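Data block below; observations after.
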Amino acid sequence: MMKEERQQAILNILNSSGFVEVSQLCRVFDVTEMTIRRDLNELAAKKRVIRSHGGAILPAGSSTGEDPYAVRIMDNLDRKEAIARAALRFVQNGEKVFFDSSTSAYCLARKLTNEHSFVAVTDTIYTAMELMTRTGIKVICIGGELNKSTGACTGVFAEDMYERMVFDTAFIGVSQITVDGQITTKSVDEYKSKRQIMHRSKRTILLADSSKIGDSGFLQTASLRDLYAMVTDDGVSPEFVSNCRKHGHRLIIAPTA
């Protein structure tokens, strides 16, 4: 593929997802990191993209440059990547694994390699696009009405698919979690989908960076006692850690340094 064709393809991916990572593009185009970084730098010089840590996003005013999902990916990215590294221990070959529409689950998907071999199910186009580049992972997409800000499919079709599936492991994110371990959300659709996913999963792993801990949303989705484990970063408060230890919740703290 010629350089100009590759750079246009990179822009096409950006228009779909709002964000690209160097390692992801290396896998897609089978070229070196140096080549991809050169492409992104050239596109940035032309003001077609904005370079970010490890990748690029679209500039504001582009078709998806103000996409909330792209913005959320960049928010606390170092924490999310630390959490993703720590959560890799729960990914087992041969299993049926669910990834929800959270950016933390997306960051975990980006850490997977061609050595991983399992069936992945996701309700979001962004994670599906990331997973489809892994040769050993079979990807199944949940259908339904597409939420343009989150990339997630919701509604009766999605709910029907969940009822027909059983997952070994589910990785979910969270809008907010209280200090005493109550998982909450402001979205009715998110409330319904997370409840279904947890019910259909043998074990549920919560991926939540420390900025999500402390506030309460409108709807109580679950409690830490309903989870197999929670993975967070080392910015978590001592009060929250103490509460988890007191009640026997499995808490994994990922170092960001």
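Residues are referred to by chain and number: the chain letter is A, B, ... according to the order shown in the structure tokens, the number counts from 1 in that chain, and ligands are numbered separately from 1 in the order shown.
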DSSP-assigned strand (DSSP E or B) members of stretch 2-55 of chain A, reported as a CSV table (one decimal) with C-alpha atoms, in the first residue's frame:
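This went into result_29.csv:
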```
chain,number,residue,atom,x,y,z
A,19,PHE,CA,-9.2,7.7,18.0
A,20,VAL,CA,-6.3,5.5,16.7
A,21,GLU,CA,-3.3,4.0,18.5
A,50,ILE,CA,-4.1,15.8,16.5
A,51,ARG,CA,-1.2,13.7,17.9
A,52,SER,CA,-1.9,12.2,21.3
A,55,GLY,CA,-1.8,7.7,18.8
```
Within 12 Å of A:Ile10, counting only C-alpha atoms, which residues qualify if same-chain residues fewer than 3 places away don't, as a PyMOL selection string?
chain A and resi 3-7+13-22+24-26+28-29+36-37+39-40+42-43+48-49+55-58
For stretch 44-141 of chain A versus stretch 236-256 of chain A, which residues have an atom no more than 12 Å away, and what is each residue's nearest atom pair and distance in Å rounded to one decimal, using only C-alpha atoms, chain-then-number order, as a tab-separated table?
```
residue	atom	partner	partner_atom	distance
A:Asn76	CA	A:Thr256	CA	10.6
A:Leu77	CA	A:Thr256	CA	10.2
A:Asp78	CA	A:Thr256	CA	6.6
A:Arg79	CA	A:Thr256	CA	6.0
A:Lys80	CA	A:Thr256	CA	8.9
A:Glu81	CA	A:Thr256	CA	8.2
A:Ala82	CA	A:Thr256	CA	5.4
A:Ile83	CA	A:Ala254	CA	5.5
A:Ala84	CA	A:Ala254	CA	8.7
A:Arg85	CA	A:Ala254	CA	7.9
A:Ala86	CA	A:Ala254	CA	5.9
A:Ala87	CA	A:Ile252	CA	8.6
A:Leu88	CA	A:Ala254	CA	11.4
A:Arg89	CA	A:Ile252	CA	10.9
A:Phe90	CA	A:Ile252	CA	11.5
```
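If only C-alpha atoms are the atoms counted, then among A:Ala109, A:Thr32, A:Ser175, A:Val188 the closest residue to A:Arg72 is A:Ser175.
Here atom CA of A:Ile183 stands at a distance of 25.8 Å from atom CA of A:Glu95.
Of the listed residues (A:Asp234, A:Asp209, A:Asp100, A:Asp215), A:Asp100 comes nearest to A:Ala152; the distances count only C-alpha atoms.
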I need the residue nearest A:Thr204 from this list: A:Tyr162, A:Tyr228, A:Phe99, A:Phe218. Use only C-alpha atoms for the distance.
A:Tyr228
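Residue neighbourhood of stretch 112-118 of chain A, excluding near-sequence residues (fewer than 5 positions): Asn93, Gly94, Glu95, Lys96, Arg134, Thr135, Gly136, Ile137 and Lys138 of chain A, at 7 Å, using only C-alpha atoms.
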Could you name the residues that touch A:Glu145 at 9 Å or less, counting only C-alpha atoms, but leaving out those on the same chain fewer than 6 positions away, as a PyMOL selection string?
chain A and resi 152-158
Using N, CA and C atoms, can you export the residues from the last selection as a CSV table (one decimal), in the first residue's frame?
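Saved to again-v6.csv:
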```csv
chain,number,residue,atom,x,y,z
A,152,ALA,N,-22.4,2.2,21.4
A,152,ALA,CA,-23.0,1.0,21.9
A,152,ALA,C,-24.4,0.7,21.3
A,153,CYS,N,-24.7,-0.5,21.2
A,153,CYS,CA,-26.0,-0.9,20.7
A,153,CYS,C,-26.9,-1.3,21.9
A,154,THR,N,-28.1,-0.7,21.9
A,154,THR,CA,-29.0,-1.0,23.0
A,154,THR,C,-30.4,-1.3,22.4
A,155,GLY,N,-31.4,-1.5,23.3
A,155,GLY,CA,-32.7,-1.7,22.9
A,155,GLY,C,-33.1,-3.2,22.9
A,156,VAL,N,-34.3,-3.5,22.4
A,156,VAL,CA,-34.9,-4.8,22.6
A,156,VAL,C,-34.1,-5.9,21.8
A,157,PHE,N,-33.5,-5.6,20.7
A,157,PHE,CA,-32.7,-6.6,20.0
A,157,PHE,C,-31.5,-6.9,20.8
A,158,ALA,N,-30.8,-5.9,21.3
A,158,ALA,CA,-29.7,-6.2,22.2
A,158,ALA,C,-30.1,-7.1,23.4
```
A:Thr184: which residues within 9 Å, counting only C-alpha atoms, same-chain residues fewer than 4 positions away excluded, as a compact mmCIF listing (two decimals) with C-alpha atoms, in the first residue's frame?
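Result file follows (around36.txt):
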```txt
# COMPACT_ATOMS: atom_id res chain seq x y z
CA VAL A 174 -18.88 2.05 35.45
CA SER A 175 -20.20 5.60 35.47
CA GLN A 176 -19.81 6.06 39.20
CA ILE A 177 -19.19 4.01 42.32
CA THR A 178 -19.77 5.11 45.91
CA TYR A 191 -28.60 0.05 33.88
CA ASP A 215 -20.03 10.06 43.66
CA SER A 216 -23.42 8.43 43.20
CA GLY A 217 -25.51 8.23 40.06
CA PHE A 218 -29.27 8.01 39.69
CA LEU A 219 -29.69 4.24 39.38
CA GLN A 220 -28.02 1.64 41.59
CA THR A 221 -26.88 -1.07 39.18
CA ALA A 222 -25.11 -3.48 41.52
CA SER A 223 -22.77 -3.74 44.47
```
Would you mind writing down, as an NGL selection string, each residue of stretch 2-122 of chain A that DSSP on the backbone assigns to helix (DSSP H, G or I)?
:A and (3-17 or 22-29 or 33-45 or 68-74 or 77-90 or 103-111)
One residue among A:Asp189, A:Glu130, A:Glu33, A:Glu159 is nearest to A:Leu108 when using only C-alpha atoms, and that residue is A:Glu130
